[in-house]
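start22.txt, holding compact mmCIF, C-alpha atoms:
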# COMPACT_ATOMS: atom_id res chain seq x y z
CA MET W 182 -47.98 -47.89 39.30
CA ALA W 183 -47.98 -51.63 38.66
CA GLU W 184 -51.65 -52.14 37.93
CA LYS W 185 -52.23 -55.33 35.98
CA GLU W 186 -53.91 -54.43 32.72
CA GLU W 187 -54.95 -56.92 30.06
CA VAL W 188 -53.17 -55.81 26.91
CA LYS W 189 -52.95 -58.11 23.94
CA LEU W 190 -51.63 -57.39 20.47
CA LEU W 191 -52.49 -59.48 17.42
CA GLY W 192 -49.79 -58.89 14.83
CA ILE W 193 -47.67 -60.26 12.02
CA TRP W 194 -43.87 -60.21 12.35
CA ALA W 195 -43.34 -58.72 8.89
CA SER W 196 -46.10 -56.12 8.98
CA PRO W 197 -44.98 -52.51 9.48
CA PHE W 198 -48.49 -51.74 10.71
CA SER W 199 -48.21 -54.13 13.64
CA ARG W 200 -44.49 -53.51 14.31
CA ARG W 201 -45.18 -49.82 14.94
CA ILE W 202 -47.64 -50.77 17.67
CA GLU W 203 -45.01 -52.96 19.33
CA MET W 204 -42.62 -49.98 19.22
CA ALA W 205 -45.20 -47.72 20.85
CA LEU W 206 -45.97 -50.24 23.61
CA LYS W 207 -42.25 -50.65 24.29
CA LEU W 208 -41.68 -46.87 24.33
CA LYS W 209 -44.36 -46.57 27.00
CA GLY W 210 -43.16 -49.62 28.91
CA ILE W 211 -46.54 -51.35 28.58
CA ALA W 212 -46.55 -55.10 29.14
CA TYR W 213 -48.56 -57.05 26.60
CA ASP W 214 -49.29 -60.52 25.29
CA TYR W 215 -48.41 -60.98 21.65
CA VAL W 216 -50.34 -63.24 19.29
CA GLU W 217 -48.62 -64.00 15.99
CA GLU W 218 -51.14 -64.18 13.18
CA SER W 219 -50.66 -65.69 9.76
CA LEU W 220 -51.79 -64.09 6.49
CA ASP W 221 -53.27 -67.28 5.18
CA ASN W 222 -54.63 -68.79 8.33
CA LYS W 223 -56.21 -66.01 10.34
CA SER W 224 -57.24 -67.01 13.82
CA PRO W 225 -60.90 -67.16 14.85
CA LEU W 226 -60.02 -64.48 17.41
CA LEU W 227 -58.76 -62.08 14.74
CA LEU W 228 -61.79 -62.69 12.54
CA ALA W 229 -64.11 -62.13 15.50
CA LEU W 230 -62.36 -58.93 16.63
CA ASN W 231 -61.92 -57.39 13.18
CA PRO W 232 -64.70 -58.83 11.02
CA ILE W 233 -64.76 -55.91 8.59
CA HIS W 234 -61.09 -55.71 7.61
CA LYS W 235 -59.75 -59.03 8.98
CA LYS W 236 -56.36 -57.41 9.45
CA VAL W 237 -53.64 -56.83 12.00
CA PRO W 238 -52.84 -55.01 14.15
CA VAL W 239 -55.59 -55.48 16.68
CA LEU W 240 -55.00 -54.18 20.17
CA VAL W 241 -57.15 -55.68 22.89
CA HIS W 242 -57.31 -53.66 26.08
CA ASN W 243 -59.56 -54.61 28.97
CA GLY W 244 -61.60 -56.80 26.66
CA LYS W 245 -62.19 -54.24 23.89
CA ALA W 246 -60.61 -54.32 20.44
CA ILE W 247 -58.97 -51.26 18.87
CA LEU W 248 -58.41 -51.46 15.11
CA GLU W 249 -56.36 -49.60 12.45
CA SER W 250 -52.75 -48.78 13.30
CA HIS W 251 -53.13 -44.95 13.44
CA VAL W 252 -56.22 -45.34 15.64
CA VAL W 253 -54.32 -47.75 17.92
CA LEU W 254 -51.37 -45.35 18.23
CA GLU W 255 -53.65 -42.46 19.21
CA TYR W 256 -55.51 -44.73 21.64
CA ILE W 257 -52.26 -45.83 23.29
CA ASP W 258 -51.18 -42.18 23.62
CA GLU W 259 -54.50 -41.15 25.20
CA THR W 260 -54.65 -44.09 27.57
CA TRP W 261 -51.05 -44.15 28.80
CA LYS W 262 -50.13 -40.48 28.98
CA HIS W 263 -46.44 -40.74 29.93
CA ASN W 264 -43.78 -40.55 27.16
CA PRO W 265 -46.23 -38.91 24.73
CA ILE W 266 -45.83 -39.83 21.07
CA LEU W 267 -48.07 -37.20 19.50
CA PRO W 268 -46.92 -33.57 19.73
CA GLN W 269 -48.83 -31.27 22.12
CA ASP W 270 -49.42 -28.38 19.73
CA PRO W 271 -52.45 -28.81 17.39
CA TYR W 272 -50.53 -27.54 14.35
CA ASP W 273 -47.67 -29.98 14.96
CA ARG W 274 -50.22 -32.74 15.47
CA SER W 275 -51.82 -31.87 12.15
CA LYS W 276 -48.45 -32.14 10.39
CA ALA W 277 -47.74 -35.51 12.03
CA ARG W 278 -51.15 -36.83 10.95
CA PHE W 279 -50.79 -35.40 7.44
CA PHE W 280 -47.41 -37.03 6.86
CA ALA W 281 -48.49 -40.31 8.47
CA LYS W 282 -51.26 -40.51 5.88
CA LEU W 283 -48.75 -39.70 3.12
CA VAL W 284 -46.50 -42.55 4.26
CA ASP W 285 -49.19 -45.19 4.54
CA GLU W 286 -51.08 -44.19 1.41
CA GLN W 287 -49.01 -42.49 -1.31
CA ILE W 288 -45.55 -43.75 -0.28
CA PHE W 289 -46.73 -47.30 0.40
CA ASN W 290 -48.63 -47.34 -2.91
CA ALA W 291 -45.90 -45.88 -5.13
CA GLY W 292 -43.14 -47.54 -3.16
CA PHE W 293 -44.55 -51.01 -3.06
CA VAL W 294 -48.07 -51.87 -4.17
CA SER W 295 -47.80 -50.31 -7.65
CA MET W 296 -44.25 -51.58 -8.04
CA THR W 297 -45.41 -55.17 -7.62
CA LYS W 298 -47.65 -54.82 -10.64
CA ALA W 299 -45.09 -53.03 -12.84
CA GLU W 300 -42.16 -54.18 -14.95
CA GLN W 301 -38.61 -52.87 -14.58
CA GLN W 302 -39.09 -49.50 -16.32
CA GLY W 303 -42.38 -48.94 -14.54
CA ARG W 304 -40.64 -49.69 -11.25
CA GLU W 305 -37.92 -47.15 -12.01
CA ASP W 306 -40.60 -44.50 -12.65
CA LEU W 307 -42.33 -45.40 -9.39
CA ALA W 308 -38.99 -45.26 -7.59
CA GLU W 309 -38.64 -41.67 -8.80
CA GLN W 310 -42.18 -40.86 -7.61
CA THR W 311 -41.35 -42.42 -4.25
CA ARG W 312 -38.18 -40.32 -3.99
CA GLU W 313 -40.22 -37.16 -4.59
CA LEU W 314 -42.58 -38.13 -1.79
CA ILE W 315 -39.80 -39.03 0.66
CA THR W 316 -38.25 -35.62 -0.07
CA TYR W 317 -41.11 -34.06 1.93
CA LEU W 318 -39.95 -36.05 4.95
CA GLU W 319 -36.33 -35.14 4.19
CA LYS W 320 -37.30 -31.46 4.49
CA GLU W 321 -39.14 -32.09 7.78
CA LEU W 322 -36.01 -33.64 9.28
CA VAL W 323 -33.75 -30.61 8.84
CA GLY W 324 -32.48 -29.53 12.24
CA LYS W 325 -34.22 -32.38 14.07
CA ASP W 326 -33.03 -35.67 15.52
CA PHE W 327 -36.39 -37.28 14.85
CA LEU W 328 -39.58 -36.34 12.99
CA GLY W 329 -41.08 -35.90 16.46
CA GLY W 330 -38.29 -33.50 17.41
CA LYS W 331 -35.93 -34.50 20.22
CA SER W 332 -37.47 -37.93 20.69
CA VAL W 333 -39.24 -40.64 18.72
CA GLY W 334 -42.87 -39.73 18.04
CA PHE W 335 -45.98 -40.83 16.14
CA LEU W 336 -44.59 -39.99 12.71
CA ASP W 337 -41.24 -41.67 13.46
CA LEU W 338 -43.09 -44.86 14.33
CA VAL W 339 -45.24 -44.75 11.19
CA ALA W 340 -42.50 -43.69 8.77
CA GLY W 341 -39.78 -45.73 10.50
CA SER W 342 -41.70 -49.00 10.52
CA MET W 343 -42.70 -48.42 6.90
CA ILE W 344 -39.75 -46.98 5.02
CA PRO W 345 -36.32 -48.03 6.35
CA PHE W 346 -37.55 -51.19 8.06
CA CYS W 347 -39.98 -52.47 5.46
CA LEU W 348 -39.97 -50.79 2.04
CA GLU W 349 -36.15 -50.69 1.86
CA ARG W 350 -36.16 -54.44 2.30
CA GLY W 351 -38.65 -54.73 -0.54
CA TRP W 352 -36.52 -52.50 -2.76
CA GLU W 353 -33.43 -54.56 -2.04
CA GLY W 354 -35.30 -57.67 -3.08
CA MET W 355 -36.44 -55.96 -6.31
CA GLY W 356 -32.93 -54.67 -7.06
CA LEU W 357 -34.01 -51.03 -6.84
CA GLN W 358 -32.06 -48.20 -5.24
CA VAL W 359 -34.70 -45.74 -4.17
CA ILE W 360 -32.81 -43.91 -1.41
CA THR W 361 -29.96 -42.63 -3.56
CA ASP W 362 -26.67 -41.77 -1.84
CA ASP W 363 -26.63 -38.06 -2.66
CA LYS W 364 -30.19 -36.87 -2.09
CA PHE W 365 -31.16 -38.03 1.38
CA PRO W 366 -28.60 -37.03 4.02
CA GLU W 367 -31.27 -36.13 6.59
CA TYR W 368 -33.13 -39.41 6.03
CA LYS W 369 -29.91 -41.39 6.52
CA ARG W 370 -29.09 -39.46 9.68
CA TRP W 371 -32.62 -40.12 10.96
CA VAL W 372 -32.35 -43.87 10.33
CA LYS W 373 -29.03 -43.93 12.27
CA ASN W 374 -30.81 -42.13 15.13
CA LEU W 375 -33.67 -44.64 15.05
CA GLU W 376 -31.18 -47.48 15.20
CA LYS W 377 -29.97 -46.14 18.55
CA VAL W 378 -33.43 -46.40 20.12
CA GLU W 379 -33.98 -49.78 21.77
CA SER W 380 -37.78 -49.63 21.60
CA VAL W 381 -37.44 -49.30 17.83
CA THR W 382 -34.63 -51.75 17.13
CA ASP W 383 -36.20 -54.43 19.33
CA CYS W 384 -39.19 -54.37 17.00
CA ILE W 385 -37.57 -54.50 13.58
CA PRO W 386 -38.13 -57.68 11.53
CA PRO W 387 -34.86 -59.58 10.90
CA LYS W 388 -33.44 -58.28 7.61
CA GLU W 389 -32.71 -61.33 5.48
CA LYS W 390 -35.92 -63.08 6.45
CA HIS W 391 -37.80 -59.85 5.76
CA ILE W 392 -36.30 -59.41 2.28
CA GLU W 393 -37.38 -62.97 1.49
CA HIS W 394 -40.86 -62.21 2.81
CA MET W 395 -41.14 -59.00 0.78
CA ASN W 396 -40.23 -60.95 -2.37
CA PHE W 397 -42.98 -63.39 -1.53
CA MET W 398 -45.40 -60.45 -1.05
CA VAL W 399 -44.46 -59.06 -4.48
CA GLY W 400 -45.71 -62.28 -6.01
CA ARG W 401 -48.82 -62.19 -3.89
CA PHE W 402 -49.75 -58.59 -4.76
CA ARG W 403 -48.95 -59.19 -8.42
CA SER W 404 -51.39 -62.02 -8.73
CA SER W 405 -54.17 -60.33 -6.76
CA MET H 159 -69.22 -18.16 19.24
CA GLY H 160 -65.67 -19.38 18.71
CA LYS H 161 -63.23 -16.95 20.32
CA TYR H 162 -61.22 -15.00 17.75
CA ASN H 163 -57.94 -16.79 17.44
CA GLY H 164 -56.36 -15.52 14.23
CA LYS H 165 -57.53 -15.34 10.62
CA VAL H 166 -59.06 -18.48 9.14
CA VAL H 167 -59.30 -19.09 5.39
CA VAL H 168 -60.65 -22.15 3.60
CA LEU H 169 -59.54 -22.83 0.03
CA ASP H 170 -62.75 -24.36 -1.22
CA PHE H 171 -64.77 -25.84 -4.02
CA TRP H 172 -68.51 -25.66 -3.35
CA ALA H 173 -69.28 -29.22 -4.47
CA SER H 174 -66.33 -30.90 -2.75
CA PRO H 175 -67.59 -33.18 0.02
CA TYR H 176 -64.14 -32.95 1.59
CA ALA H 177 -64.27 -29.17 1.82
CA MET H 178 -67.77 -29.47 3.29
CA ARG H 179 -66.35 -31.40 6.24
CA THR H 180 -64.03 -28.53 7.12
CA LYS H 181 -66.69 -25.84 6.75
CA ILE H 182 -69.16 -27.83 8.86
CA ALA H 183 -66.53 -28.24 11.57
CA LEU H 184 -65.75 -24.50 11.62
CA ARG H 185 -69.46 -23.62 11.71
CA GLU H 186 -70.10 -26.10 14.52
CA LYS H 187 -67.46 -24.27 16.54
CA GLY H 188 -68.84 -20.85 15.61
CA VAL H 189 -65.52 -19.83 14.02
CA GLU H 190 -65.59 -17.00 11.49
CA PHE H 191 -63.75 -17.81 8.29
CA GLU H 192 -63.17 -16.60 4.75
CA VAL H 193 -63.87 -18.85 1.81
CA GLN H 194 -61.73 -18.66 -1.30
CA GLU H 195 -63.52 -20.52 -4.08
CA GLU H 196 -61.08 -22.35 -6.34
CA ASP H 197 -61.44 -23.21 -10.00
CA LEU H 198 -60.17 -26.78 -9.98
CA TRP H 199 -59.16 -26.50 -13.62
CA ASN H 200 -57.16 -23.36 -12.90
CA LYS H 201 -55.81 -23.64 -9.38
CA SER H 202 -54.64 -20.49 -7.62
CA GLU H 203 -51.02 -19.80 -6.70
CA LEU H 204 -52.08 -19.85 -3.07
CA LEU H 205 -53.53 -23.35 -3.39
CA LEU H 206 -50.47 -24.71 -5.18
CA LYS H 207 -48.19 -23.11 -2.59
CA SER H 208 -50.29 -24.16 0.43
CA ASN H 209 -50.75 -27.78 -0.63
CA PRO H 210 -47.75 -28.58 -2.81
CA VAL H 211 -48.00 -32.31 -2.06
CA HIS H 212 -51.55 -32.93 -3.28
CA LYS H 213 -52.60 -29.58 -4.83
CA LYS H 214 -56.16 -30.24 -3.64
CA VAL H 215 -58.96 -28.54 -1.77
CA PRO H 216 -59.75 -28.09 0.98
CA VAL H 217 -56.83 -26.25 2.51
CA LEU H 218 -57.33 -24.67 5.91
CA ILE H 219 -55.11 -21.66 6.53
CA HIS H 220 -55.01 -20.48 10.14
CA LYS H 221 -52.75 -17.55 11.09
CA ASP H 222 -51.12 -18.00 7.66
CA LYS H 223 -50.21 -21.65 8.37
CA PRO H 224 -51.71 -24.14 5.89
CA ILE H 225 -53.16 -27.52 6.82
CA SER H 226 -54.15 -30.12 4.22
CA GLU H 227 -56.43 -33.19 4.28
CA SER H 228 -60.00 -32.66 5.44
CA LEU H 229 -60.00 -35.06 8.40
CA VAL H 230 -56.67 -33.69 9.62
CA GLN H 231 -58.30 -30.25 9.44
CA VAL H 232 -61.41 -31.36 11.36
CA GLN H 233 -59.23 -32.74 14.16
CA TYR H 234 -57.15 -29.55 14.17
CA ILE H 235 -60.33 -27.46 14.45
CA ASP H 236 -61.52 -29.62 17.34
CA GLU H 237 -58.20 -29.30 19.16
CA THR H 238 -57.81 -25.55 18.57
CA TRP H 239 -61.28 -24.21 19.44
CA THR H 240 -61.94 -25.92 22.72
CA ASP H 241 -64.46 -23.53 24.23
CA THR H 242 -67.28 -25.43 22.49
CA ALA H 243 -68.14 -29.12 22.65
CA SER H 244 -65.63 -31.55 21.14
CA PHE H 245 -66.50 -33.61 18.07
CA PHE H 246 -65.19 -36.61 20.01
CA PRO H 247 -66.38 -38.34 23.17
CA SER H 248 -63.96 -38.13 26.09
CA ASP H 249 -63.43 -41.85 26.68
CA PRO H 250 -60.39 -43.19 24.75
CA GLN H 251 -62.21 -46.35 23.65
CA ALA H 252 -65.18 -44.37 22.31
CA ARG H 253 -62.75 -41.99 20.57
CA ALA H 254 -61.03 -44.98 18.93
CA THR H 255 -64.41 -46.23 17.75
CA ALA H 256 -65.18 -42.82 16.23
CA ARG H 257 -61.78 -42.74 14.48
CA PHE H 258 -62.30 -46.26 13.13
CA TRP H 259 -65.73 -45.49 11.66
CA SER H 260 -64.59 -42.17 10.23
CA ASP H 261 -61.70 -43.98 8.53
CA PHE H 262 -64.10 -46.66 7.22
CA ALA H 263 -66.55 -44.05 5.88
CA ASP H 264 -63.71 -42.02 4.36
CA LYS H 265 -62.26 -45.04 2.54
CA THR H 266 -65.54 -46.51 1.29
CA ILE H 267 -67.79 -43.51 0.54
CA SER H 268 -65.66 -41.28 -1.63
CA PHE H 269 -65.52 -39.11 -4.71
CA GLU H 270 -63.70 -41.86 -6.58
CA GLY H 271 -66.30 -44.40 -5.43
CA GLY H 272 -69.10 -42.15 -6.61
CA LYS H 273 -67.32 -41.71 -9.93
CA LYS H 274 -67.72 -45.43 -10.59
CA ILE H 275 -71.46 -44.73 -10.62
CA TRP H 276 -71.76 -41.37 -12.41
CA GLY H 277 -68.65 -41.87 -14.53
CA ASN H 278 -70.05 -44.90 -16.27
CA THR H 279 -73.15 -45.54 -18.32
CA LYS H 280 -75.50 -48.38 -17.40
CA GLY H 281 -73.56 -51.63 -17.41
CA GLU H 282 -71.16 -53.87 -15.53
CA GLU H 283 -68.83 -51.12 -14.26
CA GLN H 284 -71.68 -49.02 -12.95
CA GLU H 285 -73.30 -52.03 -11.29
CA LYS H 286 -70.02 -52.81 -9.56
CA GLY H 287 -69.82 -49.21 -8.33
CA LYS H 288 -73.38 -49.29 -7.02
CA LYS H 289 -72.80 -52.61 -5.27
CA GLU H 290 -69.68 -51.35 -3.49
CA PHE H 291 -71.39 -48.09 -2.49
CA LEU H 292 -74.47 -49.83 -1.10
CA GLU H 293 -72.54 -52.57 0.69
CA SER H 294 -70.48 -49.98 2.52
CA MET H 295 -73.50 -47.80 3.23
CA LYS H 296 -75.30 -50.80 4.74
CA ILE H 297 -72.37 -51.49 7.05
CA LEU H 298 -72.50 -47.85 8.13
CA GLU H 299 -76.26 -48.11 8.60
CA THR H 300 -75.79 -51.12 10.89
CA GLU H 301 -73.28 -49.12 12.93
CA LEU H 302 -75.68 -46.17 13.13
CA GLY H 303 -78.52 -48.43 14.23
CA ASP H 304 -81.28 -46.53 15.96
CA LYS H 305 -79.00 -43.78 17.28
CA SER H 306 -79.63 -40.17 16.30
CA TYR H 307 -76.03 -39.75 15.22
CA PHE H 308 -73.06 -42.08 14.87
CA GLY H 309 -71.76 -41.00 18.27
CA GLY H 310 -75.14 -41.38 19.95
CA GLU H 311 -77.07 -38.29 20.92
CA THR H 312 -74.35 -35.85 19.87
CA PHE H 313 -73.37 -34.85 16.33
CA GLY H 314 -69.68 -35.64 15.99
CA TYR H 315 -66.63 -36.67 14.02
CA VAL H 316 -68.16 -39.58 12.08
CA ASP H 317 -71.22 -37.53 11.18
CA ILE H 318 -69.00 -34.70 9.92
CA THR H 319 -66.98 -37.22 7.87
CA LEU H 320 -69.99 -38.73 6.12
CA VAL H 321 -72.76 -36.12 5.91
CA PRO H 322 -71.32 -34.16 2.93
CA PHE H 323 -72.00 -37.18 0.74
CA TYR H 324 -75.70 -36.86 1.59
CA SER H 325 -75.76 -33.93 -0.84
CA TRP H 326 -74.43 -36.27 -3.53
CA PHE H 327 -77.06 -39.02 -3.08
CA TYR H 328 -79.52 -37.53 -5.55
CA ALA H 329 -76.89 -37.23 -8.30
CA LEU H 330 -75.76 -40.84 -7.72
CA GLU H 331 -79.37 -42.04 -7.70
CA LYS H 332 -80.20 -40.31 -10.97
CA CYS H 333 -77.07 -41.58 -12.71
CA GLY H 334 -77.26 -45.07 -11.27
CA ASP H 335 -81.02 -45.51 -11.28
CA PHE H 336 -81.41 -46.59 -7.67
CA SER H 337 -82.70 -45.23 -4.39
CA VAL H 338 -80.53 -44.82 -1.32
CA GLU H 339 -83.68 -44.40 0.79
CA THR H 340 -85.02 -47.79 -0.31
CA GLU H 341 -81.73 -49.53 0.41
CA CYS H 342 -80.63 -47.59 3.51
CA PRO H 343 -83.61 -45.78 5.05
CA LYS H 344 -81.89 -45.10 8.38
CA ILE H 345 -78.99 -43.38 6.63
CA VAL H 346 -81.35 -41.10 4.76
CA ALA H 347 -83.26 -40.34 7.97
CA TRP H 348 -79.92 -39.54 9.64
CA GLY H 349 -79.00 -37.25 6.72
CA LYS H 350 -82.27 -35.35 7.08
CA ARG H 351 -81.65 -35.02 10.81
CA CYS H 352 -78.14 -33.64 10.21
CA VAL H 353 -79.40 -31.09 7.68
CA GLU H 354 -81.55 -29.60 10.45
CA ARG H 355 -78.32 -28.39 12.07
CA ASP H 356 -77.33 -24.86 11.07
CA SER H 357 -73.74 -25.85 10.29
CA VAL H 358 -74.83 -28.57 7.87
CA ALA H 359 -77.67 -26.56 6.30
CA ALA H 360 -75.32 -23.64 5.67
CA THR H 361 -72.71 -25.90 4.06
CA LEU H 362 -74.38 -28.60 1.97
CA PRO H 363 -75.32 -27.45 -1.53
CA GLU H 364 -78.74 -28.31 -2.96
CA SER H 365 -78.89 -31.82 -4.35
CA GLU H 366 -80.13 -30.54 -7.72
CA LYS H 367 -77.11 -28.23 -7.99
CA VAL H 368 -74.75 -31.14 -7.29
CA TYR H 369 -76.58 -33.19 -9.93
CA GLN H 370 -76.08 -30.42 -12.51
CA GLN H 371 -72.39 -30.35 -11.61
CA VAL H 372 -72.17 -34.12 -12.08
CA LEU H 373 -73.81 -33.80 -15.51
CA LYS H 374 -71.14 -31.24 -16.39
CA LEU H 375 -68.43 -33.64 -15.21
CA ARG H 376 -69.97 -36.42 -17.30
CA GLN H 377 -69.69 -34.18 -20.34
CA ILE H 378 -66.10 -33.27 -19.55
CA PHE H 379 -65.14 -36.91 -19.05
CA GLY H 380 -67.04 -37.95 -22.17
CA VAL H 381 -69.47 -40.29 -20.44
CA GLU H 382 -72.25 -41.13 -22.82

So, in terms of structure tokens, how does the structure I just supplied come out?
Amino acid sequence: MAEKEEVKLLGIWASPFSRRIEMALKLKGIAYDYVEESLDNKSPLLLALNPIHKKVPVLVHNGKAILESHVVLEYIDETWKHNPILPQDPYDRSKARFFAKLVDEQIFNAGFVSMTKAEQQGREDLAEQTRELITYLEKELVGKDFLGGKSVGFLDLVAGSMIPFCLERGWEGMGLQVITDDKFPEYKRWVKNLEKVESVTDCIPPKEKHIEHMNFMVGRFRSS
Amino acid sequence: MGKYNGKVVVLDFWASPYAMRTKIALREKGVEFEVQEEDLWNKSELLLKSNPVHKKVPVLIHKDKPISESLVQVQYIDETWTDTASFFPSDPQARATARFWSDFADKTISFEGGKKIWGNTKGEEQEKGKKEFLESMKILETELGDKSYFGGETFGYVDITLVPFYSWFYALEKCGDFSVETECPKIVAWGKRCVERDSVAATLPESEKVYQQVLKLRQIFGVE
């Protein structure tokens, strides 16, 4: 049904948190207006819609703002019910939510935030911690095409936007090999599967530009 | 009374505000469950096996399947026992609002945040902790406004997220020499209202007991 709905997304091209929303909207075939925000020059609209956190992504639907990427993903799934991204079964949903939190908190922290503030040896230790955490996802992928099963789901969007298409770029810039060749066959297979999904690949930041941006962010986090 | 739907066990620590969320949720739904009290300095095999990633309480075990992270558990409980009222409103926008405020409360009112107050003696660090706690509490108070509960007339997800910390107010006040009631009277009134509910009354420990526990922790951590 071609009902005109006002959907607007405020995002940043390099942010995994806003890219995952773009992926979800594309997966569901939802038309939206995109507003590119800037880290250092946030628009009055963004500041008005998200006064507490002042962050992207912000989804505006029929005049109301939805904030926080996990909240936005669940909102999108509940509002546009075709091509569901969360599993149906409550236990599977709980696993998806659990791992999504692991990705955005522990993996993001060990795999980037803490690394920015550490020196080379510290970064190597954090790389090892990050590997241990990603191993949990490795185990989840056994026998599956995607974390969501046969098709891309909530956890694929969270982990995909964050790890292969953001953190890996950061690691390349820092000269770290976190995803070692021998230990992550399922992860590598999963990334190849993601790269075959148009709704995902259409929303990946361009690699070289992204590596440059991640290097810039290292400096920014370091001095904060 | 929640329909019997398989054995439910909670790996618990009586003073953990996170475990309180899960127990309140189960009691709201009228679900019968077993509590296994953990010694956090000597964690059981079952705990280490059920939550290998974080090794923390609470763990919810339903039909022998473990679920970790208190808010993931609360959502699981809501989605599994559906014969009683949901913790969430039905409208997707209102649900997104509830998720946002639960996330805000979870990130700003926390054990670690409280530790900045009780884990320090009077001085700059403690003042910083108090300031952060009260600033966040005031934002929550503004969101609560004159409503009975965060969701309006019905006790729900945000209330479940935050109310366990009500049992910690006294301990924080004694250690930090301040009054939550003076600074945030509506929050305290809301807490008192919540404690009138059977689920909350049966779950929250006495404030004095929590204070004694905090004094023990201060000793263990060498706070003098």

Item to complete: Write out as JSON, numbers by chain which residues come within 9 Å of Phe262 in chain H when counting only C-alpha atoms, dropping same-chain ones fewer than 5 positions away.
Response: {"H": [257, 267, 294, 298]}

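All of the residues in chain W within 8 Å of chain H are W:Lys245, W:Ile247, W:Leu248, W:Glu249, W:Val252, W:Val253, W:Glu255, W:Tyr256, W:Glu259, W:Thr260, W:Pro271, W:Tyr272, W:Arg274, W:Ser275, W:Lys276, W:Arg278, W:Phe279, W:Leu314, where all atoms listed in the file were counted.
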
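For the pair CA of Glu186 in chain H and CA of Ser357 in chain H, the separation is 5.6 Å.
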
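Here CA of Glu389 in chain W stands at a distance of 8.3 Å from CA of Arg350 in chain W.
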
Item to complete: Point out the residue among W:Asn290, W:Pro386, W:Lys373, W:Glu187 with the least atom-to-atom distance to Ala212 in chain W, counting all atoms listed in the file.
Response: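 Using all atoms listed in the file, the shortest distance to Ala212 in chain W belongs to W:Glu187.
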
Emit a file covering range 302-313 of chain W of the preceding structure with N, CA and C atoms, as a compact mmCIF listing (two decimals), in the first residue's frame.
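What landed in part22.txt:
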# COMPACT_ATOMS: atom_id res chain seq x y z
N GLN W 302 51.01 -1.83 23.39
CA GLN W 302 50.83 -3.07 24.14
C GLN W 302 49.41 -3.17 24.70
N GLY W 303 48.94 -2.04 25.23
CA GLY W 303 47.58 -2.00 25.75
C GLY W 303 46.57 -2.35 24.69
N ARG W 304 46.83 -1.86 23.46
CA ARG W 304 45.92 -2.14 22.34
C ARG W 304 45.93 -3.63 21.98
N GLU W 305 47.12 -4.24 22.07
CA GLU W 305 47.20 -5.67 21.78
C GLU W 305 46.39 -6.47 22.81
N ASP W 306 46.48 -6.06 24.07
CA ASP W 306 45.70 -6.73 25.12
C ASP W 306 44.20 -6.57 24.87
N LEU W 307 43.81 -5.37 24.48
CA LEU W 307 42.39 -5.10 24.20
C LEU W 307 41.93 -5.88 22.97
N ALA W 308 42.84 -6.02 22.01
CA ALA W 308 42.51 -6.81 20.82
C ALA W 308 42.18 -8.24 21.22
N GLU W 309 42.96 -8.78 22.15
CA GLU W 309 42.72 -10.14 22.64
C GLU W 309 41.36 -10.22 23.35
N GLN W 310 41.07 -9.21 24.17
CA GLN W 310 39.76 -9.17 24.86
C GLN W 310 38.63 -9.13 23.84
N THR W 311 38.83 -8.32 22.81
CA THR W 311 37.82 -8.18 21.76
C THR W 311 37.60 -9.51 21.05
N ARG W 312 38.71 -10.20 20.76
CA ARG W 312 38.60 -11.52 20.12
C ARG W 312 37.76 -12.46 20.97
N GLU W 313 38.00 -12.47 22.28
CA GLU W 313 37.23 -13.34 23.18
C GLU W 313 35.75 -13.02 23.09
